[in-house]
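One file, coords.cif, carrying mmCIF, N, CA and C atoms:
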data_data
loop_
_atom_site.group_PDB
_atom_site.id
_atom_site.type_symbol
_atom_site.label_atom_id
_atom_site.label_comp_id
_atom_site.auth_asym_id
_atom_site.auth_seq_id
_atom_site.Cartn_x
_atom_site.Cartn_y
_atom_site.Cartn_z
ATOM 1 N N MET O 733 -12.745 -14.443 -3.018
ATOM 2 C CA MET O 733 -11.515 -14.367 -3.771
ATOM 3 C C MET O 733 -10.511 -13.515 -3.002
ATOM 4 N N ASN O 734 -9.344 -14.034 -2.794
ATOM 5 C CA ASN O 734 -8.270 -13.282 -2.164
ATOM 6 C C ASN O 734 -7.509 -12.501 -3.223
ATOM 7 N N VAL O 735 -7.213 -11.259 -2.921
ATOM 8 C CA VAL O 735 -6.482 -10.405 -3.857
ATOM 9 C C VAL O 735 -5.408 -9.631 -3.111
ATOM 10 N N THR O 736 -4.454 -9.135 -3.873
ATOM 11 C CA THR O 736 -3.423 -8.249 -3.355
ATOM 12 C C THR O 736 -3.608 -6.894 -4.015
ATOM 13 N N VAL O 737 -3.560 -5.855 -3.218
ATOM 14 C CA VAL O 737 -3.590 -4.490 -3.725
ATOM 15 C C VAL O 737 -2.181 -3.935 -3.569
ATOM 16 N N ILE O 738 -1.621 -3.434 -4.663
ATOM 17 C CA ILE O 738 -0.271 -2.875 -4.641
ATOM 18 C C ILE O 738 -0.314 -1.423 -5.076
ATOM 19 N N PHE O 739 0.361 -0.580 -4.315
ATOM 20 C CA PHE O 739 0.545 0.806 -4.733
ATOM 21 C C PHE O 739 1.867 1.324 -4.190
ATOM 22 N N THR O 740 2.398 2.346 -4.854
ATOM 23 C CA THR O 740 3.677 2.915 -4.442
ATOM 24 C C THR O 740 3.461 4.126 -3.558
ATOM 25 N N THR O 741 4.520 4.447 -2.825
ATOM 26 C CA THR O 741 4.529 5.670 -2.030
ATOM 27 C C THR O 741 5.958 6.193 -1.969
ATOM 28 N N TYR O 742 6.054 7.482 -1.736
ATOM 29 C CA TYR O 742 7.353 8.112 -1.507
ATOM 30 C C TYR O 742 7.135 9.390 -0.708
ATOM 31 N N ASN O 743 7.465 9.345 0.571
ATOM 32 C CA ASN O 743 7.401 10.502 1.469
ATOM 33 C C ASN O 743 6.089 11.284 1.369
ATOM 34 N N SER O 744 4.986 10.550 1.377
ATOM 35 C CA SER O 744 3.658 11.181 1.343
ATOM 36 C C SER O 744 2.762 10.581 2.420
ATOM 37 N N PRO O 745 3.160 10.682 3.684
ATOM 38 C CA PRO O 745 2.386 10.006 4.731
ATOM 39 C C PRO O 745 0.953 10.509 4.879
ATOM 40 N N LYS O 746 0.699 11.773 4.602
ATOM 41 C CA LYS O 746 -0.683 12.270 4.729
ATOM 42 C C LYS O 746 -1.592 11.595 3.709
ATOM 43 N N TRP O 747 -1.123 11.467 2.458
ATOM 44 C CA TRP O 747 -1.918 10.777 1.446
ATOM 45 C C TRP O 747 -2.005 9.289 1.748
ATOM 46 N N LEU O 748 -0.922 8.714 2.189
ATOM 47 C CA LEU O 748 -0.908 7.290 2.505
ATOM 48 C C LEU O 748 -1.947 6.971 3.577
ATOM 49 N N GLU O 749 -2.047 7.806 4.580
ATOM 50 C CA GLU O 749 -3.038 7.579 5.640
ATOM 51 C C GLU O 749 -4.459 7.610 5.073
ATOM 52 N N LYS O 750 -4.752 8.563 4.213
ATOM 53 C CA LYS O 750 -6.088 8.663 3.614
ATOM 54 C C LYS O 750 -6.407 7.423 2.785
ATOM 55 N N VAL O 751 -5.440 6.968 2.005
ATOM 56 C CA VAL O 751 -5.640 5.785 1.168
ATOM 57 C C VAL O 751 -5.895 4.554 2.039
ATOM 58 N N LEU O 752 -5.115 4.394 3.092
ATOM 59 C CA LEU O 752 -5.298 3.235 3.977
ATOM 60 C C LEU O 752 -6.645 3.279 4.683
ATOM 61 N N TRP O 753 -7.097 4.450 5.086
ATOM 62 C CA TRP O 753 -8.438 4.549 5.677
ATOM 63 C C TRP O 753 -9.481 4.104 4.660
ATOM 64 N N GLY O 754 -9.307 4.495 3.407
ATOM 65 C CA GLY O 754 -10.233 4.060 2.364
ATOM 66 C C GLY O 754 -10.286 2.547 2.239
ATOM 67 N N PHE O 755 -9.138 1.902 2.294
ATOM 68 C CA PHE O 755 -9.118 0.445 2.208
ATOM 69 C C PHE O 755 -9.689 -0.216 3.451
ATOM 70 N N SER O 756 -9.674 0.455 4.567
ATOM 71 C CA SER O 756 -10.220 -0.139 5.793
ATOM 72 C C SER O 756 -11.736 -0.266 5.752
ATOM 73 N N PHE O 757 -12.398 0.434 4.838
ATOM 74 C CA PHE O 757 -13.858 0.401 4.740
ATOM 75 C C PHE O 757 -14.357 -0.393 3.535
ATOM 76 N N GLN O 758 -13.526 -1.237 2.964
ATOM 77 C CA GLN O 758 -13.930 -2.011 1.791
ATOM 78 C C GLN O 758 -15.026 -3.021 2.130
ATOM 79 N N THR O 759 -15.947 -3.221 1.195
ATOM 80 C CA THR O 759 -16.996 -4.226 1.384
ATOM 81 C C THR O 759 -16.433 -5.633 1.217
ATOM 82 N N HIS O 760 -15.447 -5.812 0.345
ATOM 83 C CA HIS O 760 -14.756 -7.090 0.184
ATOM 84 C C HIS O 760 -13.553 -7.073 1.126
ATOM 85 N N LYS O 761 -13.501 -8.024 2.036
ATOM 86 C CA LYS O 761 -12.490 -7.991 3.096
ATOM 87 C C LYS O 761 -11.286 -8.902 2.879
ATOM 88 N N ALA O 762 -11.346 -9.821 1.917
ATOM 89 C CA ALA O 762 -10.269 -10.806 1.742
ATOM 90 C C ALA O 762 -9.200 -10.250 0.799
ATOM 91 N N PHE O 763 -8.348 -9.388 1.363
ATOM 92 C CA PHE O 763 -7.275 -8.815 0.563
ATOM 93 C C PHE O 763 -6.097 -8.450 1.454
ATOM 94 N N GLU O 764 -4.947 -8.366 0.815
ATOM 95 C CA GLU O 764 -3.755 -7.858 1.476
ATOM 96 C C GLU O 764 -3.323 -6.602 0.733
ATOM 97 N N ILE O 765 -2.606 -5.742 1.419
ATOM 98 C CA ILE O 765 -2.053 -4.540 0.813
ATOM 99 C C ILE O 765 -0.539 -4.655 0.847
ATOM 100 N N ILE O 766 0.077 -4.370 -0.287
ATOM 101 C CA ILE O 766 1.529 -4.255 -0.326
ATOM 102 C C ILE O 766 1.847 -2.822 -0.710
ATOM 103 N N ILE O 767 2.525 -2.140 0.191
ATOM 104 C CA ILE O 767 2.967 -0.771 -0.069
ATOM 105 C C ILE O 767 4.392 -0.848 -0.595
ATOM 106 N N ALA O 768 4.555 -0.455 -1.851
ATOM 107 C CA ALA O 768 5.863 -0.466 -2.514
ATOM 108 C C ALA O 768 6.495 0.900 -2.291
ATOM 109 N N ASP O 769 7.416 0.971 -1.362
ATOM 110 C CA ASP O 769 7.980 2.237 -0.894
ATOM 111 C C ASP O 769 9.330 2.506 -1.547
ATOM 112 N N ASP O 770 9.388 3.561 -2.333
ATOM 113 C CA ASP O 770 10.596 3.909 -3.097
ATOM 114 C C ASP O 770 11.560 4.785 -2.296
ATOM 115 N N GLY O 771 11.742 4.457 -1.015
ATOM 116 C CA GLY O 771 12.771 5.119 -0.221
ATOM 117 C C GLY O 771 12.297 6.190 0.730
ATOM 118 N N SER O 772 11.066 6.087 1.210
ATOM 119 C CA SER O 772 10.549 7.094 2.149
ATOM 120 C C SER O 772 11.323 7.103 3.462
ATOM 121 N N ARG O 773 11.195 8.218 4.163
ATOM 122 C CA ARG O 773 11.831 8.358 5.473
ATOM 123 C C ARG O 773 11.065 7.568 6.542
ATOM 124 N N GLU O 774 11.585 7.557 7.739
ATOM 125 C CA GLU O 774 11.058 6.795 8.873
ATOM 126 C C GLU O 774 9.597 7.141 9.179
ATOM 127 N N GLU O 775 9.175 8.354 8.918
ATOM 128 C CA GLU O 775 7.800 8.783 9.197
ATOM 129 C C GLU O 775 6.782 7.872 8.503
ATOM 130 N N THR O 776 7.104 7.428 7.304
ATOM 131 C CA THR O 776 6.194 6.547 6.563
ATOM 132 C C THR O 776 6.078 5.197 7.253
ATOM 133 N N LYS O 777 7.189 4.625 7.672
ATOM 134 C CA LYS O 777 7.161 3.338 8.373
ATOM 135 C C LYS O 777 6.347 3.433 9.652
ATOM 136 N N LEU O 778 6.527 4.511 10.401
ATOM 137 C CA LEU O 778 5.780 4.689 11.640
ATOM 138 C C LEU O 778 4.280 4.800 11.371
ATOM 139 N N LEU O 779 3.913 5.500 10.312
ATOM 140 C CA LEU O 779 2.501 5.621 9.950
ATOM 141 C C LEU O 779 1.927 4.255 9.593
ATOM 142 N N ILE O 780 2.646 3.478 8.811
ATOM 143 C CA ILE O 780 2.161 2.155 8.421
ATOM 144 C C ILE O 780 1.950 1.278 9.651
ATOM 145 N N ASP O 781 2.903 1.285 10.563
ATOM 146 C CA ASP O 781 2.765 0.508 11.798
ATOM 147 C C ASP O 781 1.537 0.956 12.584
ATOM 148 N N ASP O 782 1.318 2.256 12.668
ATOM 149 C CA ASP O 782 0.165 2.806 13.387
ATOM 150 C C ASP O 782 -1.149 2.404 12.707
ATOM 151 N N MET O 783 -1.184 2.473 11.389
ATOM 152 C CA MET O 783 -2.412 2.135 10.661
ATOM 153 C C MET O 783 -2.723 0.640 10.722
ATOM 154 N N ARG O 784 -1.714 -0.207 10.814
ATOM 155 C CA ARG O 784 -1.954 -1.644 11.004
ATOM 156 C C ARG O 784 -2.754 -1.866 12.284
ATOM 157 N N GLU O 785 -2.366 -1.165 13.337
ATOM 158 C CA GLU O 785 -3.046 -1.311 14.622
ATOM 159 C C GLU O 785 -4.446 -0.715 14.593
ATOM 160 N N LYS O 786 -4.588 0.457 14.018
ATOM 161 C CA LYS O 786 -5.884 1.144 14.004
ATOM 162 C C LYS O 786 -6.915 0.459 13.118
ATOM 163 N N THR O 787 -6.473 -0.155 12.027
ATOM 164 C CA THR O 787 -7.411 -0.673 11.036
ATOM 165 C C THR O 787 -7.460 -2.192 10.954
ATOM 166 N N ALA O 788 -6.478 -2.876 11.460
ATOM 167 C CA ALA O 788 -6.341 -4.338 11.351
ATOM 168 C C ALA O 788 -6.201 -4.790 9.894
ATOM 169 N N LEU O 789 -5.774 -3.882 9.012
ATOM 170 C CA LEU O 789 -5.511 -4.247 7.627
ATOM 171 C C LEU O 789 -4.276 -5.140 7.553
ATOM 172 N N ASN O 790 -4.281 -6.049 6.591
ATOM 173 C CA ASN O 790 -3.127 -6.898 6.329
ATOM 174 C C ASN O 790 -2.198 -6.117 5.394
ATOM 175 N N ILE O 791 -1.234 -5.410 5.973
ATOM 176 C CA ILE O 791 -0.347 -4.522 5.220
ATOM 177 C C ILE O 791 1.074 -5.064 5.266
ATOM 178 N N ARG O 792 1.686 -5.144 4.086
ATOM 179 C CA ARG O 792 3.113 -5.437 4.020
ATOM 180 C C ARG O 792 3.805 -4.233 3.400
ATOM 181 N N HIS O 793 4.939 -3.891 3.974
ATOM 182 C CA HIS O 793 5.696 -2.704 3.563
ATOM 183 C C HIS O 793 6.990 -3.175 2.919
ATOM 184 N N ILE O 794 7.085 -2.991 1.601
ATOM 185 C CA ILE O 794 8.298 -3.351 0.866
ATOM 186 C C ILE O 794 9.043 -2.052 0.596
ATOM 187 N N TRP O 795 10.243 -1.922 1.147
ATOM 188 C CA TRP O 795 10.999 -0.669 1.105
ATOM 189 C C TRP O 795 12.320 -0.880 0.384
ATOM 190 N N GLN O 796 12.743 0.138 -0.333
ATOM 191 C CA GLN O 796 14.096 0.142 -0.891
ATOM 192 C C GLN O 796 14.739 1.496 -0.590
ATOM 193 N N GLU O 797 16.034 1.492 -0.527
ATOM 194 C CA GLU O 797 16.794 2.706 -0.257
ATOM 195 C C GLU O 797 16.529 3.754 -1.341
ATOM 196 N N ASP O 798 16.515 5.010 -0.911
ATOM 197 C CA ASP O 798 16.283 6.123 -1.836
ATOM 198 C C ASP O 798 17.544 6.395 -2.645
ATOM 199 N N LYS O 799 17.502 5.969 -3.895
ATOM 200 C CA LYS O 799 18.610 6.220 -4.824
ATOM 201 C C LYS O 799 18.058 6.865 -6.090
ATOM 202 N N GLY O 800 17.106 7.776 -5.906
ATOM 203 C CA GLY O 800 16.451 8.393 -7.048
ATOM 204 C C GLY O 800 15.161 7.654 -7.378
ATOM 205 N N PHE O 801 14.525 8.079 -8.449
ATOM 206 C CA PHE O 801 13.237 7.523 -8.864
ATOM 207 C C PHE O 801 13.433 6.119 -9.416
ATOM 208 N N ARG O 802 12.955 5.114 -8.644
ATOM 209 C CA ARG O 802 13.064 3.714 -9.059
ATOM 210 C C ARG O 802 11.738 2.989 -8.808
ATOM 211 N N LYS O 803 10.667 3.629 -9.270
ATOM 212 C CA LYS O 803 9.325 3.084 -9.057
ATOM 213 C C LYS O 803 9.173 1.691 -9.669
ATOM 214 N N GLY O 804 9.648 1.498 -10.865
ATOM 215 C CA GLY O 804 9.539 0.192 -11.523
ATOM 216 C C GLY O 804 10.200 -0.912 -10.738
ATOM 217 N N ARG O 805 11.348 -0.619 -10.163
ATOM 218 C CA ARG O 805 12.097 -1.625 -9.390
ATOM 219 C C ARG O 805 11.333 -2.043 -8.135
ATOM 220 N N ILE O 806 10.787 -1.063 -7.406
ATOM 221 C CA ILE O 806 10.072 -1.400 -6.175
ATOM 222 C C ILE O 806 8.749 -2.093 -6.489
ATOM 223 N N LEU O 807 8.103 -1.729 -7.602
ATOM 224 C CA LEU O 807 6.881 -2.434 -8.000
ATOM 225 C C LEU O 807 7.181 -3.895 -8.325
ATOM 226 N N ASN O 808 8.292 -4.144 -8.999
ATOM 227 C CA ASN O 808 8.671 -5.531 -9.289
ATOM 228 C C ASN O 808 8.895 -6.327 -8.009
ATOM 229 N N LYS O 809 9.531 -5.724 -7.019
ATOM 230 C CA LYS O 809 9.727 -6.397 -5.731
ATOM 231 C C LYS O 809 8.385 -6.707 -5.071
ATOM 232 N N ALA O 810 7.468 -5.755 -5.140
ATOM 233 C CA ALA O 810 6.144 -5.941 -4.539
ATOM 234 C C ALA O 810 5.393 -7.074 -5.237
ATOM 235 N N ILE O 811 5.439 -7.102 -6.549
ATOM 236 C CA ILE O 811 4.759 -8.154 -7.309
ATOM 237 C C ILE O 811 5.313 -9.527 -6.930
ATOM 238 N N LEU O 812 6.623 -9.630 -6.826
ATOM 239 C CA LEU O 812 7.239 -10.915 -6.460
ATOM 240 C C LEU O 812 6.851 -11.369 -5.058
ATOM 241 N N SER O 813 6.514 -10.425 -4.185
ATOM 242 C CA SER O 813 6.154 -10.806 -2.819
ATOM 243 C C SER O 813 4.660 -11.075 -2.639
ATOM 244 N N ALA O 814 3.860 -10.822 -3.671
ATOM 245 C CA ALA O 814 2.412 -11.066 -3.578
ATOM 246 C C ALA O 814 2.143 -12.552 -3.382
ATOM 247 N N LYS O 815 1.136 -12.855 -2.572
ATOM 248 C CA LYS O 815 0.821 -14.244 -2.236
ATOM 249 C C LYS O 815 -0.522 -14.692 -2.802
ATOM 250 N N THR O 816 -1.132 -13.880 -3.636
ATOM 251 C CA THR O 816 -2.447 -14.215 -4.171
ATOM 252 C C THR O 816 -2.393 -14.354 -5.685
ATOM 253 N N GLU O 817 -3.478 -14.898 -6.232
ATOM 254 C CA GLU O 817 -3.558 -15.109 -7.670
ATOM 255 C C GLU O 817 -3.881 -13.817 -8.425
ATOM 256 N N TYR O 818 -4.585 -12.904 -7.762
ATOM 257 C CA TYR O 818 -5.000 -11.655 -8.395
ATOM 258 C C TYR O 818 -4.326 -10.465 -7.744
ATOM 259 N N ILE O 819 -3.893 -9.521 -8.575
ATOM 260 C CA ILE O 819 -3.253 -8.292 -8.089
ATOM 261 C C ILE O 819 -3.994 -7.104 -8.677
ATOM 262 N N ILE O 820 -4.319 -6.151 -7.803
ATOM 263 C CA ILE O 820 -4.927 -4.892 -8.219
ATOM 264 C C ILE O 820 -3.893 -3.798 -7.982
ATOM 265 N N PHE O 821 -3.640 -2.994 -9.007
ATOM 266 C CA PHE O 821 -2.718 -1.874 -8.875
ATOM 267 C C PHE O 821 -3.519 -0.579 -8.752
ATOM 268 N N THR O 822 -3.062 0.282 -7.877
ATOM 269 C CA THR O 822 -3.632 1.619 -7.747
ATOM 270 C C THR O 822 -2.487 2.560 -7.428
ATOM 271 N N ASP O 823 -2.815 3.806 -7.145
ATOM 272 C CA ASP O 823 -1.780 4.789 -6.823
ATOM 273 C C ASP O 823 -1.877 5.196 -5.359
ATOM 274 N N GLY O 824 -0.771 5.643 -4.824
ATOM 275 C CA GLY O 824 -0.683 6.016 -3.421
ATOM 276 C C GLY O 824 -1.397 7.299 -3.064
ATOM 277 N N ASP O 825 -2.051 7.935 -4.030
ATOM 278 C CA ASP O 825 -2.832 9.135 -3.724
ATOM 279 C C ASP O 825 -4.283 8.996 -4.180
ATOM 280 N N CYS O 826 -4.720 7.754 -4.413
ATOM 281 C CA CYS O 826 -6.098 7.484 -4.841
ATOM 282 C C CYS O 826 -6.859 6.823 -3.700
ATOM 283 N N ILE O 827 -7.792 7.548 -3.122
ATOM 284 C CA ILE O 827 -8.602 7.021 -2.028
ATOM 285 C C ILE O 827 -9.710 6.162 -2.645
ATOM 286 N N PRO O 828 -9.739 4.872 -2.311
ATOM 287 C CA PRO O 828 -10.711 3.985 -2.950
ATOM 288 C C PRO O 828 -12.117 4.148 -2.366
ATOM 289 N N ARG O 829 -13.118 4.048 -3.249
ATOM 290 C CA ARG O 829 -14.487 4.008 -2.736
ATOM 291 C C ARG O 829 -14.690 2.645 -2.095
ATOM 292 N N LYS O 830 -15.734 2.487 -1.303
ATOM 293 C CA LYS O 830 -15.889 1.291 -0.466
ATOM 294 C C LYS O 830 -16.043 -0.007 -1.234
ATOM 295 N N ASP O 831 -16.450 0.047 -2.505
ATOM 296 C CA ASP O 831 -16.601 -1.170 -3.291
ATOM 297 C C ASP O 831 -15.494 -1.338 -4.332
ATOM 298 N N PHE O 832 -14.388 -0.650 -4.164
ATOM 299 C CA PHE O 832 -13.290 -0.682 -5.125
ATOM 300 C C PHE O 832 -12.817 -2.116 -5.402
ATOM 301 N N ILE O 833 -12.534 -2.873 -4.362
ATOM 302 C CA ILE O 833 -12.032 -4.230 -4.538
ATOM 303 C C ILE O 833 -13.138 -5.153 -5.033
ATOM 304 N N ALA O 834 -14.325 -5.007 -4.537
ATOM 305 C CA ALA O 834 -15.440 -5.854 -4.957
ATOM 306 C C ALA O 834 -15.736 -5.700 -6.441
ATOM 307 N N VAL O 835 -15.657 -4.484 -6.928
ATOM 308 C CA VAL O 835 -15.951 -4.233 -8.343
ATOM 309 C C VAL O 835 -14.789 -4.703 -9.194
#

Rewrite the structure from the file as structure tokens, please.
Amino acid sequence: MNVTVIFTTYNSPKWLEKVLWGFSFQTHKAFEIIIADDGSREETKLLIDDMREKTALNIRHIWQEDKGFRKGRILNKAILSAKTEYIIFTDGDCIPRKDFIAV
């Protein structure tokens, strides 16, 4: 089963890196990640690009300009860009255990 995992981030590259490492060790491999970015600085984009190379995760980065807290808006954009039938939502500071997607 192919699934999309969606979570938000905002200027938290250290947590984002930990979360992405967690997803790189999943037992279920058929998934994409959509990072719904509510206006992070360039450091976040650079980290995502680096983690794509290090982990070979299928990561899409949906970004919007920082105009205050607009988490709902960026999540809606992420949902519209999902390409799978199933979507799993989590948070950008929750490191998944290795069977998170499988369960």

Result set, the PyMOL selection byres (((chain O and resi 811-823 and name CA) around 12) and name CA) on current file, as a VMD selection string:
chain O and resid 733 to 742 744 747 to 748 750 to 752 755 762 to 769 790 to 795 803 to 810 824 to 828 832 to 835

With the file shown as input, list the residues that the PyMOL selection byres ((chain O and resi 798) around 8) selects, as a ChimeraX atom specification.
/O:769-772,795-797,799-802

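Coordinates place CA of Gln758 in chain O at a distance of 10.5 Å from CA of Leu789 in chain O.
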
Could you pull out all residues of chain O with a DSSP call of strand (DSSP E) and give them as a ChimeraX atom specification?
/O:735-741,763-769,791-795,818-821

Draw an axis-aligned box over all listed atoms of range 749-757 of chain O, pad each side with 8 Å, and write its centre and edge lengths in Å, one decimal, as JSON.
{"center_x": -8.2, "center_y": 4.1, "center_z": 3.5, "size_x": 28.3, "size_y": 25.1, "size_z": 20.6}

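Atom pair CA of Lys830 in chain O / CA of Asp782 in chain O has a distance of 21.3 Å (rounded to one decimal).
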
Backbone DSSP call of helix (DSSP H, G or I) for range 766-823 of chain O, listed as a count of residues only:
25

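Take CA of Ile780 in chain O and CA of Arg829 in chain O: the distance between them is 20.1 Å.
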
From the set O:Leu778, O:Asn743, O:Lys786, O:Asp831, which residue has the shortest atom-to-atom contact distance to His760 in chain O, counting all atoms listed in the file?
O:Asp831

Requested file, range 764-835 of chain O restricted to C-alpha atoms, as a PDB file, in the first residue's frame:
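What landed in result04.pdb:
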ATOM      1  CA  GLU O 764       6.188   9.579   0.261  1.00  0.00           C
ATOM      2  CA  ILE O 765       6.767  12.409   2.712  1.00  0.00           C
ATOM      3  CA  ILE O 766       5.287  15.848   2.270  1.00  0.00           C
ATOM      4  CA  ILE O 767       6.796  18.486   4.516  1.00  0.00           C
ATOM      5  CA  ALA O 768       4.284  21.311   4.931  1.00  0.00           C
ATOM      6  CA  ASP O 769       6.544  24.269   5.674  1.00  0.00           C
ATOM      7  CA  ASP O 770       4.890  27.346   7.189  1.00  0.00           C
ATOM      8  CA  GLY O 771       7.599  29.784   6.103  1.00  0.00           C
ATOM      9  CA  SER O 772      10.927  28.441   7.360  1.00  0.00           C
ATOM     10  CA  ARG O 773      14.203  30.068   6.410  1.00  0.00           C
ATOM     11  CA  GLU O 774      16.657  28.728   3.804  1.00  0.00           C
ATOM     12  CA  GLU O 775      18.353  26.452   6.376  1.00  0.00           C
ATOM     13  CA  THR O 776      15.315  24.152   6.317  1.00  0.00           C
ATOM     14  CA  LYS O 777      15.355  23.825   2.523  1.00  0.00           C
ATOM     15  CA  LEU O 778      19.063  23.017   2.567  1.00  0.00           C
ATOM     16  CA  LEU O 779      18.521  20.346   5.222  1.00  0.00           C
ATOM     17  CA  ILE O 780      15.714  18.746   3.216  1.00  0.00           C
ATOM     18  CA  ASP O 781      17.880  18.651   0.088  1.00  0.00           C
ATOM     19  CA  ASP O 782      20.721  17.087   2.101  1.00  0.00           C
ATOM     20  CA  MET O 783      18.447  14.476   3.692  1.00  0.00           C
ATOM     21  CA  ARG O 784      17.025  13.478   0.288  1.00  0.00           C
ATOM     22  CA  GLU O 785      20.551  12.553  -0.761  1.00  0.00           C
ATOM     23  CA  LYS O 786      21.548  10.850   2.490  1.00  0.00           C
ATOM     24  CA  THR O 787      18.385   8.785   2.904  1.00  0.00           C
ATOM     25  CA  ALA O 788      16.886   8.398  -0.600  1.00  0.00           C
ATOM     26  CA  LEU O 789      13.495   9.241   0.933  1.00  0.00           C
ATOM     27  CA  ASN O 790      10.793  10.469  -1.431  1.00  0.00           C
ATOM     28  CA  ILE O 791      10.387  13.949   0.094  1.00  0.00           C
ATOM     29  CA  ARG O 792       8.351  16.826  -1.258  1.00  0.00           C
ATOM     30  CA  HIS O 793       8.709  20.250   0.320  1.00  0.00           C
ATOM     31  CA  ILE O 794       5.609  22.449   0.175  1.00  0.00           C
ATOM     32  CA  TRP O 795       6.541  25.956   1.347  1.00  0.00           C
ATOM     33  CA  GLN O 796       4.614  29.152   1.900  1.00  0.00           C
ATOM     34  CA  GLU O 797       5.844  32.608   2.793  1.00  0.00           C
ATOM     35  CA  ASP O 798       6.025  33.434   6.497  1.00  0.00           C
ATOM     36  CA  LYS O 799       3.037  35.659   7.188  1.00  0.00           C
ATOM     37  CA  GLY O 800       2.377  34.498  10.729  1.00  0.00           C
ATOM     38  CA  PHE O 801       0.927  31.212  11.948  1.00  0.00           C
ATOM     39  CA  ARG O 802      -0.878  29.623   8.982  1.00  0.00           C
ATOM     40  CA  LYS O 803      -0.528  25.922   9.725  1.00  0.00           C
ATOM     41  CA  GLY O 804      -4.007  25.061   8.439  1.00  0.00           C
ATOM     42  CA  ARG O 805      -3.340  26.727   5.096  1.00  0.00           C
ATOM     43  CA  ILE O 806      -0.061  24.900   4.461  1.00  0.00           C
ATOM     44  CA  LEU O 807      -1.595  21.574   5.542  1.00  0.00           C
ATOM     45  CA  ASN O 808      -4.384  22.085   3.009  1.00  0.00           C
ATOM     46  CA  LYS O 809      -1.792  22.700   0.283  1.00  0.00           C
ATOM     47  CA  ALA O 810       0.058  19.537   1.306  1.00  0.00           C
ATOM     48  CA  ILE O 811      -3.127  17.453   1.255  1.00  0.00           C
ATOM     49  CA  LEU O 812      -3.994  18.706  -2.233  1.00  0.00           C
ATOM     50  CA  SER O 813      -0.546  17.702  -3.479  1.00  0.00           C
ATOM     51  CA  ALA O 814      -0.708  14.145  -2.078  1.00  0.00           C
ATOM     52  CA  LYS O 815      -0.643  11.462  -4.768  1.00  0.00           C
ATOM     53  CA  THR O 816      -1.797   8.466  -2.741  1.00  0.00           C
ATOM     54  CA  GLU O 817      -5.096   7.138  -1.464  1.00  0.00           C
ATOM     55  CA  TYR O 818      -3.989   7.106   2.184  1.00  0.00           C
ATOM     56  CA  ILE O 819      -2.542   9.984   4.204  1.00  0.00           C
ATOM     57  CA  ILE O 820      -0.895   9.710   7.608  1.00  0.00           C
ATOM     58  CA  PHE O 821      -0.526  12.897   9.639  1.00  0.00           C
ATOM     59  CA  THR O 822       2.147  13.349  12.276  1.00  0.00           C
ATOM     60  CA  ASP O 823       4.039  16.245  13.813  1.00  0.00           C
ATOM     61  CA  GLY O 824       7.400  17.686  12.859  1.00  0.00           C
ATOM     62  CA  ASP O 825       8.851  16.869  16.274  1.00  0.00           C
ATOM     63  CA  CYS O 826       7.687  13.234  16.545  1.00  0.00           C
ATOM     64  CA  ILE O 827      10.390  10.709  15.696  1.00  0.00           C
ATOM     65  CA  PRO O 828       8.600   7.625  14.354  1.00  0.00           C
ATOM     66  CA  ARG O 829       9.428   4.131  15.543  1.00  0.00           C
ATOM     67  CA  LYS O 830      10.483   1.788  12.734  1.00  0.00           C
ATOM     68  CA  ASP O 831       7.030   0.235  12.280  1.00  0.00           C
ATOM     69  CA  PHE O 832       5.070   3.506  12.421  1.00  0.00           C
ATOM     70  CA  ILE O 833       3.832   3.334   8.822  1.00  0.00           C
ATOM     71  CA  ALA O 834       3.320  -0.430   8.836  1.00  0.00           C
ATOM     72  CA  VAL O 835       1.118  -0.258  11.916  1.00  0.00           C
TER      73      VAL O 835
END
